[in-house]
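Structure file entry_3.txt (compact mmCIF, C-alpha atoms) is printed below.
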```
# COMPACT_ATOMS: atom_id res chain seq x y z
CA MET M 1 65.37 116.74 66.55
CA HIS M 2 66.12 113.85 64.23
CA ILE M 3 68.43 115.34 61.58
CA PRO M 4 67.37 114.39 58.03
CA ASP M 5 69.82 113.59 55.22
CA GLY M 6 71.19 116.71 53.55
CA PHE M 7 71.67 118.99 56.56
CA LEU M 8 75.24 117.98 57.41
CA SER M 9 78.45 118.32 55.44
CA ASN M 10 80.51 115.23 54.66
CA SER M 11 83.19 116.04 57.20
CA VAL M 12 80.67 116.64 60.01
CA THR M 13 78.83 113.45 59.02
CA LEU M 14 82.02 111.38 59.17
CA ALA M 15 83.22 112.93 62.43
CA ALA M 16 79.82 112.24 64.02
CA TRP M 17 79.82 108.62 62.79
CA ALA M 18 83.31 108.10 64.22
CA ALA M 19 82.41 109.69 67.56
CA SER M 20 79.17 107.77 67.90
CA ALA M 21 80.76 104.44 66.90
CA GLY M 22 83.42 104.96 69.56
CA GLY M 23 80.90 106.13 72.14
CA ILE M 24 78.43 103.31 71.55
CA GLY M 25 81.26 100.76 71.52
CA TYR M 26 82.36 102.02 74.92
CA SER M 27 78.76 102.07 76.19
CA LEU M 28 78.22 98.45 75.06
CA LYS M 29 81.31 97.39 76.97
CA LYS M 30 80.32 99.28 80.14
CA ALA M 31 76.66 98.18 79.87
CA SER M 32 77.82 94.58 79.61
CA LEU M 33 79.84 94.93 82.83
CA GLU M 34 76.93 96.53 84.69
CA MET M 35 74.04 94.47 83.27
CA LYS M 36 71.92 92.93 86.00
CA ASP M 37 69.32 90.24 85.50
CA ARG M 38 66.52 92.61 86.50
CA THR M 39 67.71 95.23 84.00
CA ILE M 40 67.34 92.85 81.01
CA PRO M 41 63.53 92.97 80.62
CA LEU M 42 63.46 96.59 81.84
CA MET M 43 65.67 97.56 78.90
CA GLY M 44 63.09 96.02 76.54
CA ILE M 45 60.22 97.83 78.28
CA THR M 46 62.09 101.14 78.28
CA ALA M 47 62.90 100.85 74.56
CA ALA M 48 59.27 100.02 73.77
CA PHE M 49 58.03 102.99 75.80
CA LEU M 50 60.53 105.42 74.28
CA PHE M 51 59.70 104.30 70.74
CA SER M 52 55.97 104.92 71.04
CA ALA M 53 56.34 107.99 73.29
CA GLN M 54 58.62 109.59 70.68
CA MET M 55 55.70 109.42 68.24
CA VAL M 56 53.52 111.61 70.46
CA ASN M 57 54.44 115.16 69.48
CA PHE M 58 53.05 117.75 71.88
CA PRO M 59 52.43 121.35 70.79
CA ILE M 60 54.65 123.99 72.41
CA GLY M 61 53.01 127.04 70.77
CA GLY M 62 54.10 129.06 67.77
CA GLY M 63 53.15 126.26 65.37
CA THR M 64 55.91 124.05 66.75
CA SER M 65 55.87 120.67 68.45
CA GLY M 66 58.28 118.54 70.41
CA HIS M 67 58.39 114.97 71.64
CA LEU M 68 60.05 113.01 74.40
CA LEU M 69 63.64 111.95 73.74
CA GLY M 70 63.91 109.94 76.93
CA GLY M 71 67.68 109.86 77.23
CA ALA M 72 67.76 111.07 80.82
CA LEU M 73 64.82 108.81 81.76
CA ALA M 74 66.51 105.75 80.24
CA ALA M 75 69.78 106.56 82.02
CA ILE M 76 68.01 106.93 85.38
CA LEU M 77 66.13 103.63 84.95
CA LEU M 78 68.85 101.53 83.31
CA GLY M 79 72.11 103.28 84.11
CA PRO M 80 73.87 105.66 81.72
CA PHE M 81 75.49 103.09 79.42
CA ALA M 82 72.56 100.71 79.01
CA GLY M 83 70.51 103.91 78.58
CA SER M 84 72.63 105.16 75.69
CA VAL M 85 72.58 101.73 74.03
CA THR M 86 68.77 101.72 74.33
CA LEU M 87 68.45 105.19 72.79
CA ALA M 88 70.79 104.17 69.96
CA CYS M 89 68.62 101.10 69.25
CA VAL M 90 65.50 103.26 69.09
CA LEU M 91 67.20 105.71 66.70
CA VAL M 92 68.50 102.96 64.39
CA PHE M 93 65.06 101.33 64.32
CA GLN M 94 63.28 104.63 63.57
CA CYS M 95 65.74 105.42 60.80
CA LEU M 96 65.73 102.01 59.08
CA LEU M 97 62.01 101.28 59.29
CA PHE M 98 60.33 104.68 59.37
CA GLN M 99 62.80 107.09 57.78
CA ASP M 100 62.70 109.19 60.96
CA GLY M 101 66.14 110.78 60.83
CA GLY M 102 68.40 110.44 57.81
CA ILE M 103 70.57 107.38 57.28
CA THR M 104 73.73 109.42 56.70
CA ALA M 105 72.76 111.62 59.68
CA LEU M 106 72.24 108.57 61.91
CA GLY M 107 75.75 108.91 63.34
CA ALA M 108 75.02 112.51 64.35
CA ASN M 109 71.59 111.63 65.73
CA ILE M 110 73.12 108.85 67.85
CA PHE M 111 75.87 111.19 69.00
CA ASN M 112 73.45 113.98 69.96
CA MET M 113 70.62 112.05 71.57
CA ALA M 114 71.90 108.59 72.55
CA LEU M 115 75.29 109.80 73.80
CA GLY M 116 75.11 113.56 74.46
CA GLY M 117 71.55 113.78 75.77
CA THR M 118 71.69 110.50 77.68
CA LEU M 119 75.13 110.73 79.31
CA GLY M 120 74.86 114.52 79.75
CA GLY M 121 71.44 114.17 81.35
CA TYR M 122 72.74 111.45 83.65
CA ALA M 123 75.68 113.64 84.71
CA VAL M 124 73.21 116.36 85.75
CA PHE M 125 71.06 113.77 87.53
CA ARG M 126 73.98 112.50 89.58
CA THR M 127 75.18 116.00 90.39
CA VAL M 128 71.77 117.11 91.66
CA MET M 129 71.34 113.82 93.56
CA PHE M 130 74.37 114.71 95.63
CA VAL M 131 72.44 117.70 96.97
CA PHE M 132 69.01 116.09 97.49
CA ARG M 133 68.98 112.54 98.76
CA SER M 134 65.31 111.68 98.98
CA ASP M 135 62.52 110.47 96.70
CA GLY M 136 61.44 114.06 96.12
CA GLY M 137 65.04 114.96 95.35
CA THR M 138 65.20 112.15 92.81
CA LEU M 139 62.28 113.70 90.95
CA ILE M 140 63.82 117.19 91.06
CA ALA M 141 67.08 115.77 89.77
CA ALA M 142 65.21 113.86 87.06
CA ALA M 143 63.36 117.01 85.96
CA LEU M 144 66.57 119.05 85.67
CA ALA M 145 68.40 116.19 83.97
CA SER M 146 65.59 115.70 81.43
CA TRP M 147 65.43 119.39 80.59
CA PHE M 148 69.20 119.58 80.23
CA SER M 149 69.39 116.44 78.07
CA VAL M 150 67.09 117.96 75.45
CA VAL M 151 68.80 121.36 75.43
CA PHE M 152 72.26 119.78 75.32
CA ALA M 153 71.31 117.46 72.43
CA SER M 154 69.85 120.44 70.56
CA LEU M 155 73.07 122.41 71.08
CA LEU M 156 75.14 119.55 69.66
CA CYS M 157 72.75 119.38 66.72
CA ALA M 158 72.98 123.15 66.18
CA VAL M 159 76.79 123.13 66.29
CA GLU M 160 76.87 120.32 63.70
CA ILE M 161 74.54 122.29 61.42
CA GLY M 162 76.65 125.42 61.96
CA PHE M 163 79.92 123.64 61.15
CA SER M 164 78.27 122.13 58.08
CA GLY M 165 77.89 125.66 56.74
CA VAL M 166 74.14 125.26 56.33
CA SER M 167 73.26 128.07 58.75
CA PRO M 168 75.50 130.44 60.73
CA LEU M 169 76.34 129.25 64.25
CA GLY M 170 75.25 132.63 65.65
CA ILE M 171 71.73 132.01 64.35
CA VAL M 172 71.17 128.29 64.65
CA VAL M 173 72.61 127.83 68.16
CA PRO M 174 70.36 130.34 69.98
CA ALA M 175 67.34 129.34 67.86
CA MET M 176 67.73 125.63 68.68
CA ALA M 177 68.49 126.29 72.36
CA GLY M 178 65.47 128.60 72.71
CA ILE M 179 62.94 126.21 71.18
CA HIS M 180 64.35 123.19 72.99
CA GLY M 181 64.36 125.07 76.27
CA VAL M 182 60.57 124.95 75.95
CA ILE M 183 60.41 121.36 74.59
CA GLY M 184 62.61 120.36 77.55
CA LEU M 185 59.80 121.35 79.94
CA GLY M 186 57.58 118.71 78.32
CA GLU M 187 60.46 116.24 78.49
CA ALA M 188 60.83 116.96 82.22
CA ALA M 189 57.09 116.61 82.89
CA ILE M 190 56.81 113.24 81.10
CA SER M 191 60.04 111.88 82.60
CA VAL M 192 58.99 112.84 86.14
CA ALA M 193 55.53 111.29 85.62
CA VAL M 194 57.02 108.00 84.39
CA LEU M 195 59.72 107.91 87.02
CA SER M 196 57.35 108.63 89.90
CA PHE M 197 55.08 105.85 88.62
CA VAL M 198 57.99 103.36 88.48
CA MET M 199 59.26 104.49 91.90
CA LYS M 200 55.81 103.78 93.38
CA ALA M 201 55.20 100.50 91.54
CA ARG M 202 58.71 98.98 91.61
CA PRO M 203 61.20 101.24 93.40
CA ASP M 204 63.86 98.52 93.21
CA LEU M 205 64.02 98.85 89.42
CA VAL M 206 65.47 102.36 89.39
CA TYR M 207 69.22 102.39 88.83
CA LEU M 208 70.49 104.29 91.85
CA LYS M 209 73.16 102.00 93.25
CA PRO M 210 76.13 104.40 93.35
CA VAL M 211 74.37 107.15 95.32
CA ARG M 212 72.92 104.67 97.81
CA ALA M 213 76.31 103.03 98.26
CA GLU M 214 77.71 106.40 99.27
CA GLY M 215 75.44 106.54 102.30
CA GLY M 216 72.28 108.06 100.86
CA PRO M 217 68.80 106.99 102.06
CA MET R 1 61.23 91.83 87.03
CA ARG R 2 58.47 89.31 87.30
CA LYS R 3 56.33 88.18 84.39
CA LYS R 4 53.40 90.15 85.80
CA ASP R 5 55.40 93.41 85.78
CA ILE R 6 56.46 92.87 82.19
CA ILE R 7 52.88 92.22 81.04
CA THR R 8 51.69 95.27 83.00
CA GLY R 9 54.38 97.44 81.42
CA ILE R 10 53.63 96.31 77.88
CA THR R 11 49.88 96.69 78.42
CA ILE R 12 50.35 100.26 79.66
CA ILE R 13 52.49 101.09 76.60
CA VAL R 14 49.92 99.61 74.19
CA VAL R 15 47.02 101.45 75.84
CA LEU R 16 48.89 104.78 75.99
CA SER R 17 49.91 104.40 72.32
CA ALA R 18 46.31 103.85 71.24
CA LEU R 19 45.12 106.81 73.33
CA PHE R 20 47.80 109.40 72.54
CA ILE R 21 49.31 108.71 69.11
CA PRO R 22 46.11 109.74 67.21
CA PHE R 23 46.29 113.14 68.94
CA ALA R 24 49.99 113.78 68.29
CA SER R 25 50.66 117.30 67.03
CA GLU R 26 51.44 117.52 63.33
CA SER R 27 53.28 120.83 63.68
CA PRO R 28 56.97 120.83 62.71
CA ASP R 29 59.31 119.79 65.53
CA GLY R 30 61.92 122.12 67.00
CA LEU R 31 64.59 121.37 64.39
CA GLU R 32 62.17 121.55 61.44
CA LYS R 33 60.85 124.86 62.76
CA VAL R 34 64.33 126.36 63.11
CA ALA R 35 65.23 125.05 59.64
CA GLY R 36 62.06 126.55 58.16
CA VAL R 37 62.47 129.97 59.79
CA ASN R 38 66.15 130.20 58.83
CA GLY R 39 65.70 128.93 55.30
CA PHE R 40 67.58 125.65 55.35
CA LEU R 41 64.67 123.21 55.48
CA SER R 42 64.94 122.84 51.71
CA SER R 43 68.52 121.54 51.93
CA ALA R 44 67.04 118.28 53.22
CA ALA R 45 65.10 117.73 50.01
CA GLU R 46 67.64 119.24 47.59
CA THR R 47 70.90 117.57 48.49
CA ALA R 48 69.56 114.32 49.86
CA SER R 49 69.03 112.36 46.67
CA SER R 50 67.54 109.81 49.08
CA PRO R 51 70.28 107.21 49.51
CA PHE R 52 67.72 104.92 51.06
CA THR R 53 63.95 104.59 51.44
CA ALA R 54 62.52 103.01 54.56
CA PRO R 55 59.60 100.57 54.27
CA PHE R 56 57.24 102.77 56.32
CA PRO R 57 58.26 106.42 55.81
CA ASP R 58 56.70 108.77 58.39
CA TYR R 59 55.19 105.78 60.21
CA ARG R 60 52.68 105.25 57.38
CA VAL R 61 51.50 101.75 56.70
CA PRO R 62 50.37 101.26 53.07
CA GLY R 63 46.60 101.04 52.76
CA MET R 64 45.84 102.56 56.15
CA GLY R 65 44.75 106.06 57.14
CA ASP R 66 47.24 108.35 58.89
CA LYS R 67 45.84 107.91 62.40
CA THR R 68 45.45 104.14 62.13
CA SER R 69 48.93 103.90 60.61
CA GLY R 70 50.37 105.83 63.53
CA VAL R 71 48.74 103.62 66.15
CA VAL R 72 49.66 100.40 64.31
CA SER R 73 53.27 101.53 63.76
CA GLY R 74 53.50 102.73 67.35
CA ILE R 75 52.27 99.47 68.88
CA ALA R 76 54.02 97.08 66.45
CA GLY R 77 57.21 99.12 66.68
CA ALA R 78 57.08 99.15 70.47
CA LEU R 79 56.66 95.37 70.61
CA ALA R 80 59.55 94.90 68.19
CA MET R 81 61.75 97.30 70.21
CA PHE R 82 60.85 95.37 73.37
CA CYS R 83 62.07 92.10 71.84
CA ILE R 84 65.19 93.63 70.24
CA CYS R 85 66.38 95.47 73.33
CA TRP R 86 65.57 92.56 75.63
CA GLY R 87 67.70 90.43 73.30
CA ILE R 88 70.56 92.92 73.29
CA ALA R 89 70.47 93.23 77.08
CA ALA R 90 70.47 89.43 77.47
CA LEU R 91 73.40 89.20 75.05
CA LEU R 92 75.35 91.85 76.96
CA ARG R 93 74.71 89.97 80.20
CA LYS R 94 75.93 86.75 78.59
CA MET R 95 79.07 88.39 77.18
CA ARG R 96 80.12 89.41 80.68
CA ALA R 97 79.51 85.90 82.01
CA ARG R 98 82.19 84.56 79.69
```

In structure tokens, write the structure found in this file.
Amino acid sequence: MHIPDGFLSNSVTLAAWAASAGGIGYSLKKASLEMKDRTIPLMGITAAFLFSAQMVNFPIGGGTSGHLLGGALAAILLGPFAGSVTLACVLVFQCLLFQDGGITALGANIFNMALGGTLGGYAVFRTVMFVFRSDGGTLIAAALASWFSVVFASLLCAVEIGFSGVSPLGIVVPAMAGIHGVIGLGEAAISVAVLSFVMKARPDLVYLKPVRAEGGP
Amino acid sequence: MRKKDIITGITIIVVLSALFIPFASESPDGLEKVAGVNGFLSSAAETASSPFTAPFPDYRVPGMGDKTSGVVSGIAGALAMFCICWGIAALLRKMRAR
């Protein structure tokens, strides 16, 4: 759901740039405080994976496709703030080199996917993790978080388009939520596959510190 | 992360890119579909008098076919992202140390 140039009004564009600049500034600060030595190369690997995985559009029927966003996955692997910085890097790179997402809309795309999808997905992950504290529970939480991250980002995108006066809110919001409710299933499947692979290969790499510190397994 | 894990990770990404990117669906994505159905897809072309043109629009590399372009962009882009985000993470780690 990379918004191209021309969809958003000037005021929505500016508001989104301001919000994403503030949000990414805060994320950089928090990510710096939390950055561990083992997270440094993992952030590079995660960014590389998300970049190429975002190129693999999968069909969802009805002549429509979707692709991984990876916000929830990045947050689960790296922590929410390093995750949102990683997503923002991927979006900037896609925009500047490949014209994927408009340059004026970059603020909105960062706000929706790098901040909204990533931090929102992580909030769902943590909430569900409080209920299930096992490896299986981690995957259930990851699936729900991934699905939510895509739907939430699409809602933010729809509201921005609605407020830009390009399409009525009453039309664009349910249309975006409906389609991304299906795309989110693909997001959940890919995220769970990647996460279960990482948990088998290098379980220590997954960012889970806070839940474990509270007496989890 | 040990060196071996990093090499394994990058190798997996390169192999998956080569295997899957050629088969990526070319159907419109969710937002493009909604824009098309509700008649605002054209506002992208009309109002955006293209403030900027990227060197490789739509992941196309000049002189290469679409599928090859996709795989080359996907792998080269992934390697570049790996270096950039590693660098940013290392910088963030260093900033805290001060």

Atom CA of M:Asn109 to atom CA of R:Gly30, straight-line distance in Å: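 Atom-to-atom, atom CA of R:Gly30 to atom CA of M:Asn109, that is 14.3 Å.
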
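Minimum distance to chain R across M:Phe163, M:Tyr207, M:Phe93, M:Trp17 (counting all atoms listed in the file) occurs at M:Phe93.
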
Around the point (66.1, 124.7, 72.6) (coordinates from the file), which residues reach within 10 Å if we count all atoms listed in the file? Answer as an mmCIF file with C-alpha atoms, in the coordinates of the input.
```cif
data_model
loop_
_atom_site.group_PDB
_atom_site.id
_atom_site.type_symbol
_atom_site.label_atom_id
_atom_site.label_comp_id
_atom_site.auth_asym_id
_atom_site.auth_seq_id
_atom_site.Cartn_x
_atom_site.Cartn_y
_atom_site.Cartn_z
ATOM 1 C CA TRP M 147 65.430 119.390 80.590
ATOM 2 C CA PHE M 148 69.200 119.580 80.230
ATOM 3 C CA VAL M 150 67.090 117.960 75.450
ATOM 4 C CA VAL M 151 68.800 121.360 75.430
ATOM 5 C CA PHE M 152 72.260 119.780 75.320
ATOM 6 C CA ALA M 153 71.310 117.460 72.430
ATOM 7 C CA SER M 154 69.850 120.440 70.560
ATOM 8 C CA LEU M 155 73.070 122.410 71.080
ATOM 9 C CA ALA M 158 72.980 123.150 66.180
ATOM 10 C CA VAL M 173 72.610 127.830 68.160
ATOM 11 C CA PRO M 174 70.360 130.340 69.980
ATOM 12 C CA ALA M 175 67.340 129.340 67.860
ATOM 13 C CA MET M 176 67.730 125.630 68.680
ATOM 14 C CA ALA M 177 68.490 126.290 72.360
ATOM 15 C CA GLY M 178 65.470 128.600 72.710
ATOM 16 C CA ILE M 179 62.940 126.210 71.180
ATOM 17 C CA HIS M 180 64.350 123.190 72.990
ATOM 18 C CA GLY M 181 64.360 125.070 76.270
ATOM 19 C CA VAL M 182 60.570 124.950 75.950
ATOM 20 C CA ILE M 183 60.410 121.360 74.590
ATOM 21 C CA GLY M 184 62.610 120.360 77.550
ATOM 22 C CA GLY R 30 61.920 122.120 67.000
ATOM 23 C CA LEU R 31 64.590 121.370 64.390
ATOM 24 C CA VAL R 34 64.330 126.360 63.110
#
```

Exercise: M:Gly137 partners within 12 Å, all atoms listed in the file, chain neighbours under 3 positions left out, as a PyMOL selection string: chain M and resi 125-134+140-145+192+196+216-217

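The residue that comes closest to M:Pro168, out of R:Thr11, R:Asn38, R:Thr53, R:Ser25 and on the basis of all atoms listed in the file, is R:Asn38.
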
Residues of chain M within 7 Å of chain R, counting all atoms listed in the file, as a PyMOL selection string: chain M and resi 1+4-7+32-33+35+38+40-41+43-45+47-49+51-52+55-59+63-66+86+96-100+166+175-176+179-180

As a tab-separated table (two decimals), in the frame of the given file, could you write out stretch 97-112 of chain M once it has been completed with N, CA and C atoms?
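Heads up, here's the output in result_34.tsv:
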```tsv
chain	number	residue	atom	x	y	z
M	97	LEU	N	63.37	101.70	59.62
M	97	LEU	CA	62.01	101.28	59.29
M	97	LEU	C	61.09	102.44	58.92
M	98	PHE	N	61.32	103.60	59.52
M	98	PHE	CA	60.33	104.68	59.37
M	98	PHE	C	60.90	105.96	58.79
M	99	GLN	N	62.15	105.91	58.37
M	99	GLN	CA	62.80	107.09	57.78
M	99	GLN	C	62.70	108.31	58.69
M	100	ASP	N	62.73	108.08	60.00
M	100	ASP	CA	62.70	109.19	60.96
M	100	ASP	C	64.16	109.47	61.32
M	101	GLY	N	64.71	110.52	60.72
M	101	GLY	CA	66.14	110.78	60.83
M	101	GLY	C	66.84	110.17	59.63
M	102	GLY	N	67.74	110.92	59.01
M	102	GLY	CA	68.40	110.44	57.81
M	102	GLY	C	69.39	109.32	58.08
M	103	ILE	N	69.65	108.51	57.07
M	103	ILE	CA	70.57	107.38	57.28
M	103	ILE	C	72.02	107.86	57.34
M	104	THR	N	72.37	108.90	56.57
M	104	THR	CA	73.73	109.42	56.70
M	104	THR	C	73.86	110.22	58.00
M	105	ALA	N	72.75	110.81	58.45
M	105	ALA	CA	72.76	111.62	59.68
M	105	ALA	C	72.60	110.76	60.93
M	106	LEU	N	72.47	109.44	60.76
M	106	LEU	CA	72.24	108.57	61.91
M	106	LEU	C	73.38	108.66	62.94
M	107	GLY	N	74.61	108.77	62.43
M	107	GLY	CA	75.75	108.91	63.34
M	107	GLY	C	75.60	110.15	64.21
M	108	ALA	N	75.21	111.26	63.60
M	108	ALA	CA	75.02	112.51	64.35
M	108	ALA	C	73.84	112.38	65.30
M	109	ASN	N	72.75	111.76	64.86
M	109	ASN	CA	71.59	111.63	65.73
M	109	ASN	C	71.91	110.76	66.94
M	110	ILE	N	72.69	109.69	66.72
M	110	ILE	CA	73.12	108.85	67.85
M	110	ILE	C	74.03	109.66	68.78
M	111	PHE	N	74.94	110.40	68.18
M	111	PHE	CA	75.87	111.19	69.00
M	111	PHE	C	75.10	112.21	69.85
M	112	ASN	N	74.16	112.92	69.25
M	112	ASN	CA	73.45	113.98	69.96
M	112	ASN	C	72.52	113.44	71.04
```
